[in-house]
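Student: What follows is a single structure, and I will ask about it in a moment.
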Amino acid sequence: MKSLMRLFRSEPNIAEPLYAEVVAKARSPHWYVAGRVPDTMEGRFSVLATLLALTDLRLETGGDEARKASVGLAEAFVHDMDSQLRQDGVGDPVMGKRVGSLVGALGGRLGAWRKATGGEESWEAVAGRSLYRENIPSDESLAHSVDELKRYWHALQGRSDEALIGGVLP
């Protein structure tokens with residue numbers, strides 16, 4: 001009976017506090033005011049996916065618990081997107097396709113930010129695609145967003161795995 005109970009009990013996601021903090025960072029008004037990212041569902045998704053990609057890249061360089069949290073961060077994202085889409089009235093027949101598309105968008109950003117953080121592509125070019133889909137409102141807004149993303153990235157580098165997993169973000 002105990003083994004049957006374990007089958008239906010889910011382990012808590014260690015990345016939930018981290019995911020909640022990344023969501024809070026993505027809601028910061030400066031992205032939409034000074035950065036002029038469109039304050040729409042798509043614009044908010046772009047900021048969230050961008051911050052998640054940078055956070056995940058940092059987790060990939062950490063120890064075993066950080067890499068485990070990387071998986072948990074992706075799971076929290078999928079769960080959140082599923083919930084959001086259901087609230088918006090998306091039904092089961094198309095849910096998998098819609099969530100898969102959002103996960104693909106996150107994966108694309110991960111690859112792009114890997115290039116930017118590795119020096120293979122400019123932060124400006126990647127931010128232009130990641131946040132604005134190349135419809136950059138002004139040089140000033142792009143500069144603001146790039147500065148904030150660099151600040152976030154460098155601060156992530158200074159966080160211990162334990163602090164990061166616990167949701168202590170810059």
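Naming scheme: A, B, ... for chains in displayed order of the structure tokens; residues 1 onward per chain; ligands 1 onward as shown.
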Need to verify the contact set: stretch 67-73 of chain A, 8 Å, only C-alpha atoms, exclusion of same-chain residues closer than 6 positions in sequence. Can you return it as JSON, numbers by chain?

Tutor: {"A": [13, 14, 15, 16, 18, 19, 56, 59, 60, 61, 165]}

Student: Skipping near chain neighbours, those fewer than 6 positions away, what residues fall within 12 Å of A:Lys25 using only C-alpha atoms, listed as a PyMOL selection string?

Tutor: chain A and resi 18-19+31-32+44+47-52+55+148-149+152+167-170

Student: Quick one: residues within 7 Å of stretch 134-147 of chain A, only C-alpha atoms counted, chain neighbours fewer than 4 positions away excluded, as a list in words?

Tutor: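 Using only C-alpha atoms, the neighbours found are Trp31, Ala34, Gly35, Arg36, Trp123, Glu124, Ala127, Gly128, Arg129 and Arg151 of chain A.
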
Student: Between A:Phe45, A:Arg58, A:His30, A:Val37, which is the closest to A:Asp161 once you count only C-alpha atoms?

Tutor: A:Arg58
